[in-house]
Structure formats: C-alpha cells, structure tokens
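Have a look at coords-v5.csv; it's CSV, C-alpha atoms:
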chain,number,residue,atom,x,y,z
A,175,MET,CA,0.0,0.0,0.0
A,176,SER,CA,1.5,3.4,-1.0
A,177,ALA,CA,1.8,6.1,1.6
A,178,ARG,CA,-0.9,8.2,-0.1
A,179,ARG,CA,-3.4,5.3,-0.1
A,180,PHE,CA,-2.5,4.5,3.5
A,181,ALA,CA,-3.2,8.1,4.6
A,182,VAL,CA,-6.6,8.0,2.8
A,183,PHE,CA,-7.3,4.6,4.4
A,184,VAL,CA,-6.6,5.9,7.9
A,185,ALA,CA,-8.6,9.0,7.3
A,186,THR,CA,-11.6,6.9,6.4
A,187,LEU,CA,-11.2,4.9,9.5
A,188,LEU,CA,-11.2,7.9,11.8
A,189,VAL,CA,-14.7,8.9,10.9
A,190,PRO,CA,-16.5,5.8,12.1
A,191,LEU,CA,-14.1,5.6,15.1
A,192,SER,CA,-15.0,9.1,16.2
A,193,ALA,CA,-18.7,8.3,15.9
A,194,CYS,CA,-18.4,5.1,18.0
A,195,LYS,CA,-16.5,6.9,20.8
A,196,ALA,CA,-19.1,9.7,20.8
A,197,SER,CA,-21.9,7.2,21.2
A,198,GLY,CA,-20.0,5.4,24.1
A,199,GLN,CA,-19.8,2.1,22.2
A,200,THR,CA,-16.0,1.6,22.6
A,201,ALA,CA,-14.8,-0.9,25.1
A,202,ALA,CA,-12.4,0.4,27.8
A,203,THR,CA,-8.7,-0.2,27.2
A,204,GLY,CA,-7.8,-3.7,28.2
A,205,ALA,CA,-11.4,-4.6,28.9
A,206,GLU,CA,-13.0,-7.9,27.9
A,207,LEU,CA,-14.6,-8.0,24.5
A,208,LYS,CA,-18.2,-8.8,25.3
A,209,SER,CA,-20.5,-7.4,22.7
A,210,GLU,CA,-20.3,-7.6,18.9
A,211,ASP,CA,-19.6,-3.9,18.9
A,212,ASP,CA,-16.7,-4.4,21.2
A,213,LYS,CA,-15.2,-7.1,18.9
A,214,THR,CA,-15.9,-5.0,15.8
A,215,LEU,CA,-14.1,-2.0,17.2
A,216,TYR,CA,-11.2,-4.2,18.3
A,217,ALA,CA,-11.0,-5.5,14.7
A,218,LEU,CA,-10.9,-1.8,13.6
A,219,GLY,CA,-7.8,-1.4,15.8
A,220,LEU,CA,-6.2,-4.5,14.3
A,221,MET,CA,-6.7,-3.1,10.8
A,222,MET,CA,-5.3,0.3,11.7
A,223,GLY,CA,-2.4,-1.3,13.5
A,224,GLY,CA,-1.6,-3.6,10.6
A,225,ASN,CA,-1.4,-0.7,8.2
A,226,LEU,CA,0.8,1.2,10.7
A,227,LYS,CA,3.2,-1.7,11.0
A,228,PRO,CA,5.3,-0.9,7.9
A,229,LEU,CA,6.3,2.4,9.6
A,230,ARG,CA,8.1,0.5,12.3
A,231,LEU,CA,7.1,3.0,15.0
A,232,THR,CA,8.8,3.0,18.4
A,233,PRO,CA,6.5,2.9,21.5
A,234,GLU,CA,7.2,6.6,22.0
A,235,GLU,CA,6.2,7.4,18.4
A,236,LEU,CA,3.1,5.2,18.6
A,237,ALA,CA,2.1,7.2,21.7
A,238,LYS,CA,2.2,10.4,19.6
A,239,VAL,CA,-0.1,8.8,17.1
A,240,LYS,CA,-2.5,7.8,19.8
A,241,GLN,CA,-2.4,11.3,21.2
A,242,GLY,CA,-3.4,12.8,17.9
A,243,LEU,CA,-6.2,10.2,17.5
A,244,ASP,CA,-7.5,11.0,21.0
A,245,ASP,CA,-7.4,14.8,20.4
A,246,SER,CA,-9.2,14.4,17.1
A,247,VAL,CA,-11.9,12.2,18.5
A,248,SER,CA,-12.4,14.2,21.7
A,249,GLY,CA,-12.5,17.6,19.8
A,250,ALA,CA,-9.5,18.9,21.7
A,251,LYS,CA,-7.5,21.7,20.2
A,252,PRO,CA,-4.8,20.3,17.9
A,253,GLN,CA,-1.2,20.9,18.9
A,254,VAL,CA,-0.2,21.3,15.2
A,255,GLU,CA,-1.8,22.7,12.1
A,256,LEU,CA,-3.0,19.7,10.1
A,257,GLU,CA,-2.7,21.7,6.9
A,258,ALA,CA,1.0,22.2,7.5
A,259,TYR,CA,1.9,18.7,8.9
A,260,GLY,CA,-0.6,16.5,7.1
A,261,PRO,CA,1.2,16.7,3.7
A,262,LYS,CA,4.5,15.7,5.5
A,263,PHE,CA,3.1,12.3,6.2
A,264,GLN,CA,3.8,10.9,2.8
A,265,GLN,CA,7.4,11.8,2.9
A,266,PHE,CA,7.7,10.4,6.4
A,267,ALA,CA,6.1,7.2,5.5
A,268,GLN,CA,8.1,6.7,2.4
A,269,GLY,CA,11.3,7.2,4.3
A,270,ARG,CA,10.3,4.7,7.0
A,271,VAL,CA,9.2,2.1,4.5
A,272,ALA,CA,12.4,2.4,2.5
A,273,ALA,CA,14.6,2.1,5.6
A,274,GLY,CA,12.7,-0.9,6.8
A,275,ALA,CA,13.0,-2.5,3.3
A,276,SER,CA,16.8,-2.0,3.4
A,277,VAL,CA,17.0,-3.8,6.7
A,278,GLU,CA,14.8,-6.7,5.5
A,279,LYS,CA,16.8,-7.1,2.3
A,280,GLU,CA,20.1,-7.3,4.2
A,281,LYS,CA,18.6,-10.1,6.4
A,282,GLY,CA,17.3,-11.7,3.2
A,283,LYS,CA,20.8,-11.9,1.6
A,284,THR,CA,22.1,-13.9,4.6
A,285,PHE,CA,19.1,-16.1,4.6
A,286,ALA,CA,19.2,-16.8,0.9
A,287,GLU,CA,22.9,-17.6,1.0
A,288,ALA,CA,22.3,-20.2,3.7
A,289,ALA,CA,19.4,-21.7,1.8
A,290,ALA,CA,21.5,-22.0,-1.4
A,291,LYS,CA,24.0,-24.1,0.6
A,292,GLU,CA,21.3,-26.7,1.5
A,293,GLU,CA,21.8,-30.1,-0.2
A,294,GLY,CA,20.3,-30.1,-3.7
A,295,ALA,CA,19.6,-26.4,-3.8
A,296,THR,CA,20.5,-24.2,-6.8
A,297,ARG,CA,20.6,-20.5,-7.1
A,298,THR,CA,19.7,-18.8,-10.4
A,299,PRO,CA,21.0,-15.4,-11.7
A,300,SER,CA,17.8,-13.8,-10.6
A,301,GLY,CA,18.5,-14.8,-7.0
A,302,LEU,CA,15.9,-17.5,-6.8
A,303,VAL,CA,16.9,-20.5,-4.6
A,304,PHE,CA,15.3,-23.7,-5.8
A,305,ARG,CA,15.4,-27.1,-4.1
A,306,SER,CA,13.3,-30.0,-5.3
A,307,LEU,CA,11.8,-32.0,-2.4
A,308,ALA,CA,10.0,-34.8,-4.3
A,309,PRO,CA,10.3,-35.6,-8.1
A,310,GLY,CA,7.5,-35.3,-10.5
A,311,LYS,CA,6.8,-37.2,-13.7
A,312,GLY,CA,4.4,-34.9,-15.7
A,313,ALA,CA,4.8,-31.9,-17.9
A,314,SER,CA,6.6,-28.7,-17.0
A,315,PRO,CA,4.6,-25.4,-17.5
A,316,SER,CA,5.7,-22.6,-19.8
A,317,ALA,CA,5.8,-18.9,-18.9
A,318,THR,CA,2.2,-18.5,-19.9
A,319,SER,CA,0.8,-21.8,-18.7
A,320,LYS,CA,-2.1,-22.1,-16.3
A,321,VAL,CA,-1.3,-24.2,-13.3
A,322,LYS,CA,-2.9,-25.7,-10.2
A,323,VAL,CA,-0.8,-25.8,-7.1
A,324,ASN,CA,-0.8,-26.4,-3.4
A,325,TYR,CA,1.5,-24.1,-1.4
A,326,GLU,CA,2.4,-22.5,1.9
A,327,GLY,CA,4.2,-19.2,2.1
A,328,SER,CA,6.2,-18.0,5.1
A,329,LEU,CA,8.5,-15.2,6.2
A,330,MET,CA,12.1,-15.9,7.1
A,331,ASP,CA,11.2,-16.4,10.8
A,332,GLY,CA,8.7,-19.1,9.8
A,333,THR,CA,5.5,-17.0,10.1
A,334,VAL,CA,3.0,-18.4,7.7
A,335,PHE,CA,1.3,-15.6,5.7
A,336,ASP,CA,-0.7,-17.7,3.3
A,337,SER,CA,-1.5,-21.4,2.7
A,338,SER,CA,-3.7,-23.1,0.2
A,339,ILE,CA,-3.1,-26.2,2.2
A,340,LYS,CA,-4.8,-24.8,5.3
A,341,ARG,CA,-7.6,-23.5,3.2
A,342,GLY,CA,-8.1,-26.9,1.7
A,343,GLN,CA,-8.3,-25.5,-1.8
A,344,PRO,CA,-5.5,-25.5,-4.3
A,345,ALA,CA,-4.7,-22.3,-6.1
A,346,GLU,CA,-5.1,-21.9,-9.9
A,347,PHE,CA,-3.5,-19.1,-12.0
A,348,ALA,CA,-1.5,-18.3,-15.1
A,349,LEU,CA,2.2,-18.0,-14.6
A,350,ASN,CA,2.3,-14.6,-16.3
A,351,GLY,CA,0.0,-13.3,-13.6
A,352,VAL,CA,2.2,-14.0,-10.5
A,353,ILE,CA,5.4,-12.7,-8.9
A,354,PRO,CA,8.5,-13.3,-11.0
A,355,CYS,CA,9.9,-15.8,-8.5
A,356,TRP,CA,6.9,-18.0,-8.9
A,357,SER,CA,6.9,-17.8,-12.7
A,358,GLU,CA,10.5,-18.8,-12.8
A,359,ALA,CA,10.3,-21.6,-10.2
A,360,LEU,CA,7.2,-23.3,-11.5
A,361,GLN,CA,8.8,-23.7,-14.9
A,362,LYS,CA,11.5,-25.8,-13.3
A,363,MET,CA,9.0,-28.2,-11.9
A,364,LYS,CA,7.1,-31.2,-13.3
A,365,VAL,CA,3.5,-32.2,-12.4
A,366,GLY,CA,3.6,-34.0,-9.1
A,367,GLU,CA,6.9,-32.4,-8.0
A,368,LYS,CA,7.3,-30.7,-4.6
A,369,ALA,CA,9.8,-27.9,-4.1
A,370,LYS,CA,11.1,-25.3,-1.7
A,371,ILE,CA,11.7,-21.9,-3.2
A,372,VAL,CA,13.3,-18.9,-1.6
A,373,CYS,CA,12.3,-15.6,-3.2
A,374,PRO,CA,14.4,-12.4,-2.6
A,375,ALA,CA,12.4,-9.2,-2.5
A,376,ASP,CA,13.5,-8.1,-6.0
A,377,ILE,CA,11.6,-11.0,-7.5
A,378,ALA,CA,8.8,-11.1,-5.0
A,379,TYR,CA,7.0,-8.0,-3.6
A,380,GLY,CA,9.9,-5.5,-3.7
A,381,ASP,CA,10.4,-2.6,-1.3
A,382,ARG,CA,6.7,-2.1,-0.9
A,383,GLY,CA,5.9,-5.6,0.3
A,384,HIS,CA,2.3,-6.7,0.6
A,385,PRO,CA,1.1,-5.1,3.9
A,386,PRO,CA,0.1,-6.1,6.4
A,387,GLN,CA,1.3,-9.7,6.1
A,388,ILE,CA,4.5,-9.1,4.0
A,389,PRO,CA,6.9,-6.3,5.0
A,390,GLY,CA,8.7,-4.3,2.4
A,391,GLY,CA,12.0,-5.9,1.3
A,392,ALA,CA,11.0,-9.3,2.6
A,393,THR,CA,12.6,-12.5,1.4
A,394,LEU,CA,9.9,-15.2,1.2
A,395,VAL,CA,9.9,-19.0,1.5
A,396,PHE,CA,7.4,-21.2,-0.3
A,397,GLN,CA,6.7,-24.9,-0.1
A,398,VAL,CA,5.0,-25.7,-3.5
A,399,GLU,CA,3.5,-28.8,-5.1
A,400,LEU,CA,2.6,-28.6,-8.8
A,401,LEU,CA,-0.7,-30.5,-9.2
A,402,ASP,CA,-1.6,-29.9,-12.8
A,403,VAL,CA,-0.8,-27.9,-15.9
A,404,ALA,CA,-3.7,-26.9,-18.2
A,405,ALA,CA,-3.5,-27.7,-21.9
A,406,GLU,CA,-2.2,-24.8,-24.0
A,407,GLY,CA,-5.1,-22.7,-25.2
A,408,ALA,CA,-7.3,-23.5,-22.3
A,409,PRO,CA,-9.1,-20.5,-20.7
A,410,ALA,CA,-7.3,-18.9,-17.8
A,411,PRO,CA,-8.7,-19.9,-14.5
A,412,PRO,CA,-9.6,-17.2,-12.0
A,413,VAL,CA,-6.8,-16.5,-9.5
A,414,THR,CA,-8.1,-18.1,-6.3
A,415,ALA,CA,-5.2,-17.0,-4.0
A,416,PRO,CA,-2.0,-15.1,-3.9
A,417,PRO,CA,0.8,-14.8,-4.8
A,418,VAL,CA,-0.2,-12.2,-7.4
A,419,LYS,CA,1.8,-9.6,-9.3
A,420,LYS,CA,2.9,-6.5,-7.5
Here is a file; write its structure as structure tokens.
Amino acid sequence: MSARRFAVFVATLLVPLSACKASGQTAATGAELKSEDDKTLYALGLMMGGNLKPLRLTPEELAKVKQGLDDSVSGAKPQVELEAYGPKFQQFAQGRVAAGASVEKEKGKTFAEAAAKEEGATRTPSGLVFRSLAPGKGASPSATSKVKVNYEGSLMDGTVFDSSIKRGQPAEFALNGVIPCWSEALQKMKVGEKAKIVCPADIAYGDRGHPPQIPGGATLVFQVELLDVAAEGAPAPPVTAPPVKK
C-alpha cells in the first residue's frame, strides 16, 4: 500500500471511530470484548495497526499517534496545524518504509545464502533459490501456462502468511500473472513435484511488500506442489489465491 493510499485509508477509519466513541460504544482499554460492537471496534484497531506496522514506529512514536487520535476524537485543540503537517506524512512514510525494506533485504541476503547451501539447492541469476523435495513425472509449464498448485508461504522467521493447504483449496493461476519468483520456479517443476523456493524481494513484492502480512524488502519462502498444468489454449482460471503480481 502506498503512503498516499495508506493516509486515505486511515482518514476513512477515523470517521467511524469518532462516531463510535461519541456514542459510548467503545470498550475500555484492556477490557474484555463482550459485545459484537466491542469485537468490531477491536478489529478496527487491528486493521489500523496492521497498516501502521510498515512504519516501524517506536513505542514513543506510537504514543504520539494515539495522542493525535484521542485529540481528534475528543475535539481537543490540535497541537499542530493539520494543513501544515498532514502533507509531510507521505514523505515520512516513504522514508520509514524504505529504511525498513533495506533492513529486510540485508537479512534476506544472509538467509538466501544459507538456503543456497542446502543439499540439492540451486541459485539462479535472478536470486531464486530452488530445491526439489520430491520428483514429478508430468509436464513442465511454460511462462504462460495455467497451473494448479498447493503451497504455503512464510517469512524468514517461519511466520506463515498464506497457505492453500490450510484453506483446503488448491490455487489456480496463469504464470504470467504472479510474482517473477513463482513464474521462474514453477517452470523448473514437473507435475507431481514438490519444491522449496526462496524468493528475494527483488523477484517477490519488492520494497513495498504486501502489507500487512509481508513487509517491504522481505525474502519469502514457499513450499510448493505442482498439481496440474492446463492444456495450452485453455481459458485462464480465476486466481483463487496469492501470490499475485505487484
């Protein structure tokens, strides 16, 4: 999400939040979530927090955000002119996201180098690390093939951000409609094959990431099983799950 879109997103959230506080519907801080309104408002906080996460705010900085939120909701006199400081948010956000992406990419280099040393792993010029886990016997897809796969995607720390396996529904998509890492890796596989692929940010979601699950600059790990390759000329199936193009 770009800084501009994020600012708009937050602005739209503040309106219903103000209305809820004014009507006394918000649960007290740390209180048990009893009603459906309580749970809905808590979910609102989760959404806002997820979109703030790429900014990597310190506890002190987050306190300033909460202070501005409280003053806006309560009608207190603002301590700064919004017309003067509102436009500075985009530059602030871009700087924070870029700095965070740089940190993630440095961690990713070390991670990918270690993955490339695993038995059976190969590293391509693009940076993709590919390791076959179980052989297949069927056809290999082309760059424009439509495929059916089961997969699980995780961050370097093992946090799973997406899994067709857990959903119990394989994903179907055309290889020219996904991130470059996937397009390259799947063409190396045969139907029935299982593989582990490590995707550096440059061939995944780049410096922007895919908030809130994937931070900017993140190196991603996928366990993939190629289930089927559609015949050439077959209509493209709808994309039922990520990973999609940036």
What separation in Å, quoted to one decimal, exists between atom CA of A:Glu399 and atom CA of A:Lys362?
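Straight-line distance from atom CA of A:Glu399 to atom CA of A:Lys362 works out to 11.8 Å.
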One decimal, in Å: what's the spacing between atom CA of A:Met222 and atom CA of A:Glu278?
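These atoms are spaced 22.2 Å apart.
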I'd like to know which of A:Glu326, A:Glu210, A:Asp381, A:Asp376 is closest to A:Cys355, using all atoms listed in the file.
A:Asp376
Between A:Lys213, A:Lys208, A:Lys283, A:Arg270, which residue has the minimum interatomic distance to A:Thr232, considering all atoms listed in the file?
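Ranking A:Lys213, A:Lys208, A:Lys283, A:Arg270 by distance to A:Thr232, first place goes to A:Arg270.
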Each residue of stretch 327-413 of chain A with at least one atom at most 12 Å from stretch 299-314 of chain A should appear once, together with its nearest atom pair and the corresponding distance in Å (one decimal); atoms considered: all atoms listed in the file; ordering: chain, then increasing residue number; output as JSON lines.
{"residue": "A:Leu349", "atom": "CA", "partner": "A:Ser314", "partner_atom": "CA", "distance": 11.8}
{"residue": "A:Ile353", "atom": "CA", "partner": "A:Leu302", "partner_atom": "CA", "distance": 11.7}
{"residue": "A:Pro354", "atom": "CA", "partner": "A:Ser300", "partner_atom": "CA", "distance": 9.3}
{"residue": "A:Cys355", "atom": "CA", "partner": "A:Leu302", "partner_atom": "CA", "distance": 6.5}
{"residue": "A:Trp356", "atom": "CA", "partner": "A:Leu302", "partner_atom": "CA", "distance": 9.3}
{"residue": "A:Ser357", "atom": "CA", "partner": "A:Leu302", "partner_atom": "CA", "distance": 10.8}
{"residue": "A:Glu358", "atom": "CA", "partner": "A:Leu302", "partner_atom": "CA", "distance": 8.2}
{"residue": "A:Ala359", "atom": "CA", "partner": "A:Phe304", "partner_atom": "CA", "distance": 7.0}
{"residue": "A:Leu360", "atom": "CA", "partner": "A:Ser314", "partner_atom": "CA", "distance": 7.7}
{"residue": "A:Gln361", "atom": "CA", "partner": "A:Ser314", "partner_atom": "CA", "distance": 5.9}
{"residue": "A:Lys362", "atom": "CA", "partner": "A:Ser314", "partner_atom": "CA", "distance": 6.8}
{"residue": "A:Met363", "atom": "CA", "partner": "A:Ser314", "partner_atom": "CA", "distance": 5.7}
{"residue": "A:Lys364", "atom": "CA", "partner": "A:Ser314", "partner_atom": "CA", "distance": 4.5}
{"residue": "A:Val365", "atom": "CA", "partner": "A:Gly312", "partner_atom": "CA", "distance": 4.4}
{"residue": "A:Gly366", "atom": "CA", "partner": "A:Gly310", "partner_atom": "CA", "distance": 4.3}
{"residue": "A:Glu367", "atom": "CA", "partner": "A:Gly310", "partner_atom": "CA", "distance": 3.9}
{"residue": "A:Lys368", "atom": "CA", "partner": "A:Ala308", "partner_atom": "CA", "distance": 4.9}
{"residue": "A:Ala369", "atom": "CA", "partner": "A:Ser306", "partner_atom": "CA", "distance": 4.3}
{"residue": "A:Lys370", "atom": "CA", "partner": "A:Arg305", "partner_atom": "CA", "distance": 5.2}
{"residue": "A:Ile371", "atom": "CA", "partner": "A:Phe304", "partner_atom": "CA", "distance": 4.8}
{"residue": "A:Val372", "atom": "CA", "partner": "A:Val303", "partner_atom": "CA", "distance": 5.0}
{"residue": "A:Cys373", "atom": "CA", "partner": "A:Leu302", "partner_atom": "CA", "distance": 5.4}
{"residue": "A:Pro374", "atom": "CA", "partner": "A:Gly301", "partner_atom": "CA", "distance": 6.5}
{"residue": "A:Ala375", "atom": "CA", "partner": "A:Gly301", "partner_atom": "CA", "distance": 9.4}
{"residue": "A:Asp376", "atom": "CA", "partner": "A:Gly301", "partner_atom": "CA", "distance": 8.4}
{"residue": "A:Ile377", "atom": "CA", "partner": "A:Ser300", "partner_atom": "CA", "distance": 7.5}
{"residue": "A:Ala378", "atom": "CA", "partner": "A:Leu302", "partner_atom": "CA", "distance": 9.7}
{"residue": "A:Thr393", "atom": "CA", "partner": "A:Leu302", "partner_atom": "CA", "distance": 10.2}
{"residue": "A:Leu394", "atom": "CA", "partner": "A:Leu302", "partner_atom": "CA", "distance": 10.3}
{"residue": "A:Val395", "atom": "CA", "partner": "A:Val303", "partner_atom": "CA", "distance": 9.4}
{"residue": "A:Phe396", "atom": "CA", "partner": "A:Phe304", "partner_atom": "CA", "distance": 9.9}
{"residue": "A:Gln397", "atom": "CA", "partner": "A:Leu307", "partner_atom": "CA", "distance": 9.0}
{"residue": "A:Val398", "atom": "CA", "partner": "A:Leu307", "partner_atom": "CA", "distance": 9.3}
{"residue": "A:Glu399", "atom": "CA", "partner": "A:Ala308", "partner_atom": "CA", "distance": 8.9}
{"residue": "A:Leu400", "atom": "CA", "partner": "A:Gly310", "partner_atom": "CA", "distance": 8.5}
{"residue": "A:Leu401", "atom": "CA", "partner": "A:Gly312", "partner_atom": "CA", "distance": 9.4}
{"residue": "A:Asp402", "atom": "CA", "partner": "A:Gly312", "partner_atom": "CA", "distance": 8.3}
{"residue": "A:Val403", "atom": "CA", "partner": "A:Ala313", "partner_atom": "CA", "distance": 7.2}
{"residue": "A:Ala404", "atom": "CA", "partner": "A:Ala313", "partner_atom": "CA", "distance": 9.9}
{"residue": "A:Ala405", "atom": "CA", "partner": "A:Ala313", "partner_atom": "CA", "distance": 10.1}
{"residue": "A:Glu406", "atom": "CA", "partner": "A:Ala313", "partner_atom": "CA", "distance": 11.7}
Between A:Pro228, A:Lys340, A:Asn350, A:Gly390, which has the minimum distance to A:Gly327 (counting only C-alpha atoms)?
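Among A:Pro228, A:Lys340, A:Asn350, A:Gly390, it is A:Lys340 that comes nearest to A:Gly327.
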Please report the interatomic distance between atom CA of A:Lys322 and atom CA of A:Ala345 in Å with one decimal.
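Pair atom CA of A:Lys322 / atom CA of A:Ala345 returns 5.6 Å.
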Compile the contact shell of A:Val239 as a PyMOL selection string: residues with an atom at most 12 Å away, counting all atoms listed in the file, same-chain residues fewer than 6 positions apart removed.
chain A and resi 184+222-223+226+229+231-233+245-246+263
Any idea what's packed within 12 Å of A:Gly224, counting only C-alpha atoms, ignoring anything in its chain fewer than 2 positions away? Could you give it as a list of chain:residue names?
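Here the answer would be A:Met175, A:Phe180, A:Phe183, A:Val184, A:Ala217, A:Leu218, A:Gly219, A:Leu220, A:Met221, A:Met222, A:Leu226, A:Lys227, A:Pro228, A:Leu229, A:Arg230, A:Leu231, A:His384, A:Pro385, A:Pro386, A:Gln387, A:Ile388, A:Pro389.
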